[in-house]
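To be precise, the following lines are protein_2.txt, and they hold compact mmCIF, C-alpha atoms and all ligand atoms.
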# COMPACT_ATOMS: atom_id res chain seq x y z
CA MET A 1 -21.94 142.40 94.69
CA LEU A 2 -19.65 143.42 91.85
CA THR A 3 -19.13 147.03 90.82
CA ASP A 4 -17.71 148.83 87.83
CA TYR A 5 -17.54 152.54 88.54
CA HIS A 6 -14.51 153.74 86.65
CA VAL A 7 -16.02 153.35 83.20
CA HIS A 8 -15.85 155.56 80.10
CA LEU A 9 -18.64 155.47 77.53
CA ARG A 10 -16.21 155.99 74.65
CA PRO A 11 -12.64 155.37 73.54
CA ASP A 12 -9.93 158.02 73.89
CA GLU A 13 -9.70 158.71 70.19
CA GLU A 14 -10.48 161.46 67.73
CA GLY A 15 -14.12 161.66 66.68
CA SER A 16 -15.47 160.05 69.86
CA THR A 17 -17.99 162.85 70.34
CA ALA A 18 -20.69 163.07 72.97
CA GLU A 19 -23.27 162.99 70.16
CA ARG A 20 -22.04 159.57 69.06
CA TYR A 21 -21.53 157.95 72.44
CA PHE A 22 -23.81 159.60 74.99
CA THR A 23 -26.84 157.81 73.60
CA ALA A 24 -29.43 155.46 75.08
CA GLY A 25 -28.29 152.76 72.65
CA ASN A 26 -24.68 152.94 73.81
CA VAL A 27 -25.71 152.86 77.49
CA GLU A 28 -27.78 149.76 76.69
CA ARG A 29 -24.68 148.01 75.29
CA TYR A 30 -22.83 148.70 78.55
CA ARG A 31 -25.81 147.55 80.63
CA GLU A 32 -26.03 144.29 78.69
CA ALA A 33 -22.31 143.66 79.17
CA ALA A 34 -22.65 144.38 82.90
CA ALA A 35 -25.61 142.01 83.23
CA GLU A 36 -23.73 139.24 81.41
CA ARG A 37 -20.77 139.62 83.78
CA GLY A 38 -22.78 139.86 87.01
CA ILE A 39 -21.94 143.53 87.63
CA GLU A 40 -24.82 145.02 89.60
CA GLU A 41 -23.43 148.48 90.27
CA LEU A 42 -22.51 150.29 87.07
CA GLY A 43 -21.36 153.89 86.87
CA VAL A 44 -19.48 156.12 84.48
CA ALA A 45 -16.61 158.49 85.24
CA GLU A 46 -15.80 160.64 82.24
CA HIS A 47 -12.40 162.30 82.11
CA ILE A 48 -12.58 165.85 83.41
CA HIS A 49 -10.52 167.06 80.43
CA ARG A 50 -13.44 166.18 78.11
CA PHE A 51 -15.42 169.14 79.48
CA VAL A 52 -14.99 172.75 78.36
CA GLN A 53 -15.26 173.76 82.01
CA SER A 54 -11.93 171.99 82.67
CA LEU A 55 -10.11 174.79 80.83
CA GLU A 56 -10.90 176.97 83.84
CA ILE A 57 -8.77 174.50 85.84
CA TRP A 58 -5.85 174.04 83.48
CA GLU A 59 -4.87 175.04 79.96
CA HIS A 60 -2.48 172.17 79.42
CA PRO A 61 -2.26 171.09 75.72
CA TRP A 62 -3.88 167.76 76.67
CA TYR A 63 -6.91 169.61 78.09
CA ARG A 64 -7.07 171.97 75.10
CA LEU A 65 -7.01 168.96 72.77
CA TRP A 66 -10.02 167.23 74.38
CA ALA A 67 -12.21 169.83 76.11
CA ALA A 68 -15.42 169.90 74.06
CA ASP A 69 -18.43 168.80 76.11
CA ASP A 70 -20.61 170.54 78.66
CA VAL A 71 -20.35 168.98 82.11
CA ASP A 72 -23.97 169.70 83.04
CA GLU A 73 -25.27 168.05 79.88
CA TYR A 74 -23.16 165.02 80.81
CA CYS A 75 -24.60 164.94 84.34
CA ASP A 76 -28.16 165.21 83.00
CA PHE A 77 -27.56 162.45 80.48
CA VAL A 78 -26.06 160.03 83.01
CA LEU A 79 -28.75 160.71 85.64
CA GLU A 80 -31.44 160.08 83.07
CA SER A 81 -29.74 156.87 81.97
CA GLY A 82 -30.01 155.43 85.48
CA LEU A 83 -26.26 154.74 85.68
CA ARG A 84 -24.28 155.97 88.66
CA LEU A 85 -22.77 159.38 88.00
CA GLY A 86 -19.05 159.85 88.44
CA ILE A 87 -16.18 161.83 87.01
CA GLU A 88 -12.48 161.05 86.72
CA ALA A 89 -10.67 164.16 87.90
CA ASP A 90 -6.93 164.73 87.77
CA TYR A 91 -5.27 165.78 90.96
CA LEU A 92 -3.34 168.94 90.10
CA PRO A 93 -1.47 170.48 93.02
CA GLU A 94 -2.25 174.16 93.60
CA ARG A 95 -5.35 173.89 91.44
CA GLU A 96 -7.52 172.31 94.15
CA ASP A 97 -9.86 175.33 94.39
CA ARG A 98 -10.51 175.32 90.66
CA ILE A 99 -11.12 171.56 90.64
CA GLN A 100 -13.46 171.96 93.61
CA ASN A 101 -15.36 174.70 91.75
CA LEU A 102 -16.09 172.28 88.92
CA LEU A 103 -17.11 169.48 91.30
CA ASP A 104 -19.23 171.60 93.65
CA GLY A 105 -22.98 171.63 93.26
CA ARG A 106 -23.14 168.74 90.80
CA PRO A 107 -24.94 165.53 91.68
CA TRP A 108 -22.05 163.03 91.66
CA ASP A 109 -22.41 159.60 93.16
CA TYR A 110 -18.62 159.53 93.45
CA VAL A 111 -15.52 161.37 92.29
CA VAL A 112 -12.59 159.31 91.03
CA GLY A 113 -9.24 161.01 91.63
CA SER A 114 -6.30 160.23 89.37
CA VAL A 115 -2.68 161.20 89.14
CA HIS A 116 -1.92 161.26 85.42
CA PHE A 117 0.39 164.25 85.64
CA VAL A 118 3.41 165.07 87.75
CA GLY A 119 3.93 168.77 87.25
CA GLU A 120 3.31 169.43 83.55
CA ASP A 121 4.34 165.92 82.50
CA ALA A 122 2.11 162.91 81.89
CA VAL A 123 3.08 159.53 83.32
CA ASP A 124 0.84 157.48 81.00
CA VAL A 125 1.83 159.01 77.66
CA HIS A 126 4.88 157.68 75.88
CA GLY A 127 6.21 157.44 72.36
CA GLU A 128 3.77 159.98 70.86
CA PRO A 129 5.78 162.48 68.79
CA ASP A 130 3.19 165.26 69.24
CA TRP A 131 3.24 164.92 73.01
CA GLU A 132 6.95 164.40 73.50
CA SER A 133 7.47 167.72 75.26
CA TRP A 134 5.40 166.58 78.25
CA ASP A 135 6.23 162.85 78.24
CA ILE A 136 7.75 162.27 81.68
CA TRP A 137 9.71 159.27 80.41
CA ARG A 138 11.91 161.18 77.99
CA GLY A 139 15.34 160.93 79.57
CA ALA A 140 13.71 160.06 82.86
CA ASP A 141 15.34 159.03 86.09
CA ALA A 142 13.06 156.19 87.21
CA ASP A 143 13.58 156.68 90.96
CA ARG A 144 12.79 160.36 90.70
CA VAL A 145 9.63 159.83 88.63
CA TRP A 146 8.36 157.13 90.99
CA SER A 147 9.12 159.24 94.08
CA ARG A 148 7.33 162.28 92.73
CA TYR A 149 4.41 160.20 91.45
CA PHE A 150 3.70 158.59 94.84
CA GLU A 151 4.19 161.87 96.70
CA THR A 152 1.56 163.41 94.43
CA LEU A 153 -0.75 160.43 94.97
CA GLY A 154 -0.53 160.86 98.75
CA GLU A 155 -1.34 164.57 98.38
CA ALA A 156 -4.31 163.68 96.18
CA ALA A 157 -5.72 161.40 98.91
CA ARG A 158 -5.08 163.98 101.59
CA THR A 159 -7.14 166.68 99.86
CA GLY A 160 -10.33 164.75 100.65
CA MET A 161 -11.71 165.78 97.24
CA PHE A 162 -11.93 162.24 95.92
CA ASP A 163 -14.01 159.20 96.89
CA ILE A 164 -11.87 156.72 94.95
CA LEU A 165 -8.14 156.81 94.26
CA ALA A 166 -7.82 155.49 90.70
CA HIS A 167 -5.22 153.04 89.34
CA PRO A 168 -2.93 153.83 92.29
CA ASP A 169 0.36 152.66 90.79
CA LEU A 170 -0.34 153.90 87.25
CA VAL A 171 3.33 154.91 87.05
CA LYS A 172 4.11 151.25 86.20
CA VAL A 173 1.84 151.31 83.10
CA PHE A 174 4.61 150.87 80.50
CA GLY A 175 6.39 148.05 82.34
CA SER A 176 9.87 147.45 81.00
CA ARG A 177 9.34 149.78 78.00
CA VAL A 178 10.54 152.65 80.22
CA PRO A 179 13.13 152.77 83.02
CA MET A 180 11.92 150.97 86.16
CA PRO A 181 13.34 151.33 89.67
CA ASP A 182 15.16 148.32 91.10
CA GLY A 183 14.41 146.34 94.23
CA ASP A 184 11.58 146.57 96.71
CA LEU A 185 9.11 149.18 95.49
CA ARG A 186 7.62 149.75 98.93
CA ARG A 187 10.09 152.57 99.46
CA PHE A 188 8.08 154.52 96.86
CA TYR A 189 4.65 153.43 98.11
CA GLU A 190 5.63 154.73 101.58
CA ARG A 191 5.64 158.24 100.16
CA ALA A 192 1.89 158.03 99.52
CA MET A 193 0.90 156.24 102.70
CA ASP A 194 0.69 159.09 105.21
CA GLY A 195 -1.72 160.94 102.95
CA ILE A 196 -3.73 157.79 102.27
CA ALA A 197 -3.85 156.82 105.96
CA GLU A 198 -5.07 160.28 106.95
CA SER A 199 -7.77 160.27 104.26
CA ASP A 200 -11.11 158.53 103.91
CA VAL A 201 -10.50 157.51 100.30
CA ALA A 202 -11.32 154.09 98.81
CA ILE A 203 -8.48 152.43 96.92
CA GLU A 204 -9.30 151.38 93.38
CA VAL A 205 -8.39 147.90 92.29
CA SER A 206 -8.38 148.16 88.50
CA THR A 207 -8.06 145.41 85.96
CA ALA A 208 -7.07 148.00 83.33
CA GLY A 209 -3.39 147.29 84.02
CA LEU A 210 -3.90 143.77 82.66
CA ARG A 211 -4.56 145.25 79.19
CA LYS A 212 -1.58 147.62 79.37
CA PRO A 213 2.11 146.82 78.66
CA VAL A 214 2.74 146.12 82.36
CA GLY A 215 0.15 143.28 82.33
CA GLU A 216 -0.66 143.59 86.05
CA ILE A 217 -3.62 144.63 88.16
CA TYR A 218 -3.38 148.13 89.63
CA PRO A 219 -2.14 148.37 92.35
CA ALA A 220 0.58 145.83 93.16
CA ALA A 221 -0.27 143.58 96.12
CA PRO A 222 2.29 145.17 98.51
CA PHE A 223 0.77 148.60 97.84
CA LEU A 224 -2.74 147.34 98.54
CA GLU A 225 -1.60 145.55 101.69
CA MET A 226 -0.20 148.82 103.00
CA CYS A 227 -3.52 150.55 102.25
CA LEU A 228 -5.46 147.77 104.01
CA GLU A 229 -3.23 148.17 107.05
CA ALA A 230 -4.11 151.86 106.96
CA GLY A 231 -7.79 150.87 107.11
CA ARG A 232 -8.75 151.87 103.58
CA PRO A 233 -11.62 150.10 101.74
CA VAL A 234 -11.40 148.79 98.19
CA ALA A 235 -13.36 149.85 95.08
CA LEU A 236 -13.33 147.55 92.03
CA SER A 237 -13.35 148.84 88.42
CA SER A 238 -12.13 147.99 84.94
CA ASP A 239 -11.56 151.50 83.50
CA ALA A 240 -13.40 150.20 80.41
CA HIS A 241 -13.55 152.45 77.36
CA THR A 242 -15.80 150.02 75.42
CA PRO A 243 -18.57 147.59 76.50
CA GLU A 244 -16.20 144.70 75.68
CA GLN A 245 -13.74 145.95 78.31
CA LEU A 246 -16.38 146.16 81.04
CA GLY A 247 -15.51 143.89 83.97
CA HIS A 248 -12.37 142.78 82.12
CA GLU A 249 -10.73 139.81 83.90
CA TYR A 250 -12.93 140.23 86.96
CA GLU A 251 -12.75 136.53 87.81
CA ARG A 252 -9.01 136.89 88.19
CA ALA A 253 -9.41 140.12 90.20
CA VAL A 254 -11.95 138.59 92.59
CA GLU A 255 -9.68 135.61 93.20
CA TRP A 256 -6.76 137.97 93.79
CA LEU A 257 -8.81 140.06 96.24
CA ASP A 258 -9.88 136.91 98.05
CA GLY A 259 -6.23 135.91 98.39
CA LEU A 260 -5.58 139.25 100.09
CA GLY A 261 -8.48 138.68 102.50
CA ILE A 262 -10.74 141.31 100.92
CA ARG A 263 -14.40 140.30 101.23
CA GLU A 264 -16.17 143.64 100.74
CA LEU A 265 -16.30 146.36 98.12
CA ALA A 266 -17.12 150.03 98.40
CA VAL A 267 -20.47 151.07 96.93
CA PHE A 268 -21.37 154.73 96.37
CA GLU A 269 -24.53 156.78 96.16
CA ARG A 270 -24.57 160.57 96.17
CA ARG A 271 -21.07 160.55 97.64
CA ALA A 272 -22.00 158.32 100.57
CA ARG A 273 -20.06 155.06 100.84
CA ARG A 274 -21.11 151.72 102.22
CA LEU A 275 -19.47 148.28 102.04
CA GLU A 276 -21.13 145.30 100.41
CA PRO A 277 -19.93 141.67 100.45
CA ILE A 278 -18.31 140.62 97.19
CA GLY A 279 -20.37 137.41 97.37
ZN ZN B 301 -7.05 157.33 84.46
ZN ZN B 302 -10.21 156.23 83.27

Could you render the structure as structure tokens?
Ligand SMILES: [Zn+2]
Ligand SMILES: [Zn+2]
Amino acid sequence: MLTDYHVHLRPDEEGSTAERYFTAGNVERYREAAAERGIEELGVAEHIHRFVQSLEIWEHPWYRLWAADDVDEYCDFVLESGLRLGIEADYLPEREDRIQNLLDGRPWDYVVGSVHFVGEDAVDVHGEPDWESWDIWRGADADRVWSRYFETLGEAARTGMFDILAHPDLVKVFGSRVPMPDGDLRRFYERAMDGIAESDVAIEVSTAGLRKPVGEIYPAAPFLEMCLEAGRPVALSSDAHTPEQLGHEYERAVEWLDGLGIRELAVFERRARRLEPIG
């Protein structure tokens, strides 16, 4: 069985309103793409910052820019569509209670946890003049950014708030366009591993990295091997923002997983996980 759970129904661009994209016709386009690519389990995980309720968690300029939709209307729409219902929530240290308040009492099939921010700074924003003040790469020390990123990722896993840990080495997104640490990167991954090992989280393998400057699957093989040693299961997604991106390069991902000895994928329903053979 193939899954695509970390999916957005719209691009991250101005004018991509709920009215335009949360429609039966748009869902049908995603369903058709999933059927063509043999993806049986399809779910959506909208960014938490798209919901007005997220401003009760954080008033970061990024959240203020995007927060427009009602989270309950989103849940109702997705449930009615028959897709699996997820959300992509940032891990924000010291805001766990507020994040939990938004998550509680809503009928998620799974919650995807992401580290996009380290402190106030975003790791996956670069070269945007408007956002320069919170671009972590401006004058960055690569070793320090990577250390703090993976520490935060380990904390995210440890909270137990998330079912899936998204794009686990997102910090590599820009490849050589930003400073990169030298040598064996496992010294950074180690910083996340205690938290991951003590958690019950599934590790996302995401083909999104293949369409980013880095041109690699998230996470790197040594990171995933460490997670497998820690007993963590794998969840497969494309982080698509259009139907065309759904299941992007899955053939390559499945081959790669096979090479690492991974034969099963995590499948979610109402926050319960089971493993299904990839087939
Ligand atoms: Zn993300
Ligand atoms: Zn995403």

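CA of Phe77 (chain A) is found 17.7 Å from CA of His49 (chain A).
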
Residue with smallest distance to Leu246 (chain A) - pool A:Glu41, A:Asp130, A:Glu216, A:Glu14, counting all atoms listed in the file: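 Nearest to Leu246 (chain A): A:Glu41.
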
Taking all listed atoms of region 6-13 of chain A, build the axis-aligned box, pad each of the six sides by 4 Å, then write its centre and edge lengths in Å to one decimal as lines of an AutoDock Vina configuration file.
center_x = -14.2
center_y = 156.0
center_z = 78.4
size_x = 16.9
size_y = 13.4
size_z = 24.5

Neighbourhood of ligand ZN 302 (chain B) at 10 Å, counting all atoms listed in the file, reported as a list in words: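 What falls inside 10 Å of ligand ZN 302 (chain B) is Tyr5, His6, Val7, His8, Asp12, Val44, Ala45, Glu46, His47, Ile48, Ile87, Glu88, Ala89, Val112, Gly113, Ser114, His116, Ala166, His167, Ser206, Ala208, Ser237, Ser238, Asp239, Ala240 and His241 of chain A.
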
Just write the chosen residues, C-alpha atoms, as a CSV table (one decimal), in the frame of the given file.
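Just written: selection30.csv:
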chain,number,residue,atom,x,y,z
A,5,TYR,CA,-17.5,152.5,88.5
A,6,HIS,CA,-14.5,153.7,86.6
A,7,VAL,CA,-16.0,153.4,83.2
A,8,HIS,CA,-15.8,155.6,80.1
A,12,ASP,CA,-9.9,158.0,73.9
A,44,VAL,CA,-19.5,156.1,84.5
A,45,ALA,CA,-16.6,158.5,85.2
A,46,GLU,CA,-15.8,160.6,82.2
A,47,HIS,CA,-12.4,162.3,82.1
A,48,ILE,CA,-12.6,165.8,83.4
A,87,ILE,CA,-16.2,161.8,87.0
A,88,GLU,CA,-12.5,161.0,86.7
A,89,ALA,CA,-10.7,164.2,87.9
A,112,VAL,CA,-12.6,159.3,91.0
A,113,GLY,CA,-9.2,161.0,91.6
A,114,SER,CA,-6.3,160.2,89.4
A,116,HIS,CA,-1.9,161.3,85.4
A,166,ALA,CA,-7.8,155.5,90.7
A,167,HIS,CA,-5.2,153.0,89.3
A,206,SER,CA,-8.4,148.2,88.5
A,208,ALA,CA,-7.1,148.0,83.3
A,237,SER,CA,-13.4,148.8,88.4
A,238,SER,CA,-12.1,148.0,84.9
A,239,ASP,CA,-11.6,151.5,83.5
A,240,ALA,CA,-13.4,150.2,80.4
A,241,HIS,CA,-13.6,152.4,77.4

Proximity to ligand ZN 301 (chain B) - best of A:Ala253, A:Ala122, A:Ala221, A:Met226, only C-alpha atoms and all ligand atoms: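 Nearest candidate to ligand ZN 301 (chain B) out of A:Ala253, A:Ala122, A:Ala221, A:Met226: A:Ala122.
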
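Atom pair CA of Ala33 (chain A) / CA of Thr242 (chain A): separated by 9.8 Å.
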
Residue list as an NGL selection string for point (-12.7, 153.6, 96.6), cut-off 10 Å, all atoms listed in the file: :A and (5 or 110-113 or 162-166 or 200-205 or 232-237 or 265-268 or 273)

Same residues, C-alpha atoms, output as a CSV table (one decimal), in the frame of the given file:
chain,number,residue,atom,x,y,z
A,5,TYR,CA,-17.5,152.5,88.5
A,110,TYR,CA,-18.6,159.5,93.4
A,111,VAL,CA,-15.5,161.4,92.3
A,112,VAL,CA,-12.6,159.3,91.0
A,113,GLY,CA,-9.2,161.0,91.6
A,162,PHE,CA,-11.9,162.2,95.9
A,163,ASP,CA,-14.0,159.2,96.9
A,164,ILE,CA,-11.9,156.7,95.0
A,165,LEU,CA,-8.1,156.8,94.3
A,166,ALA,CA,-7.8,155.5,90.7
A,200,ASP,CA,-11.1,158.5,103.9
A,201,VAL,CA,-10.5,157.5,100.3
A,202,ALA,CA,-11.3,154.1,98.8
A,203,ILE,CA,-8.5,152.4,96.9
A,204,GLU,CA,-9.3,151.4,93.4
A,205,VAL,CA,-8.4,147.9,92.3
A,232,ARG,CA,-8.8,151.9,103.6
A,233,PRO,CA,-11.6,150.1,101.7
A,234,VAL,CA,-11.4,148.8,98.2
A,235,ALA,CA,-13.4,149.8,95.1
A,236,LEU,CA,-13.3,147.6,92.0
A,237,SER,CA,-13.4,148.8,88.4
A,265,LEU,CA,-16.3,146.4,98.1
A,266,ALA,CA,-17.1,150.0,98.4
A,267,VAL,CA,-20.5,151.1,96.9
A,268,PHE,CA,-21.4,154.7,96.4
A,273,ARG,CA,-20.1,155.1,100.8

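For the set A:Val171, A:Val115, A:Leu260, A:Val254, the residue with the smallest atom-to-atom gap to ligand ZN 301 (chain B) is A:Val115, counting only C-alpha atoms and all ligand atoms.
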
Atomic distance CA of Pro179 (chain A) - CA of Arg148 (chain A), expressed in Å with one decimal: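 CA of Arg148 (chain A) lies at a distance of 14.8 Å from CA of Pro179 (chain A).
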
Among listed residues A:Asp90, A:Glu225, A:Asp97, A:Glu28, nearest ligand ZN 301 (chain B) (using only C-alpha atoms and all ligand atoms): A:Asp90

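With all atoms listed in the file as the atoms that count, the minimum distance from Gly105 (chain A) to the choices A:Val125, A:Cys75, A:Ala34, A:Leu65 is reached by A:Cys75.
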
Selection: 6 Å around Pro219 (chain A), only C-alpha atoms, excl. self and same-chain fewer than 2 positions, as a PyMOL selection string: chain A and resi 168-169+217

I want to know what sits within 9 Å of Ser81 (chain A), based on all atoms listed in the file, with residues of the same chain fewer than 5 positions away left out; could you give that as a PDB file with C-alpha atoms, in the frame of the given file?
ATOM      1  CA  THR A  23     -26.840 157.810  73.600  1.00  0.00           C
ATOM      2  CA  ALA A  24     -29.430 155.460  75.080  1.00  0.00           C
ATOM      3  CA  VAL A  27     -25.710 152.860  77.490  1.00  0.00           C
ATOM      4  CA  ASP A  76     -28.160 165.210  83.000  1.00  0.00           C
TER       5      ASP A  76
END
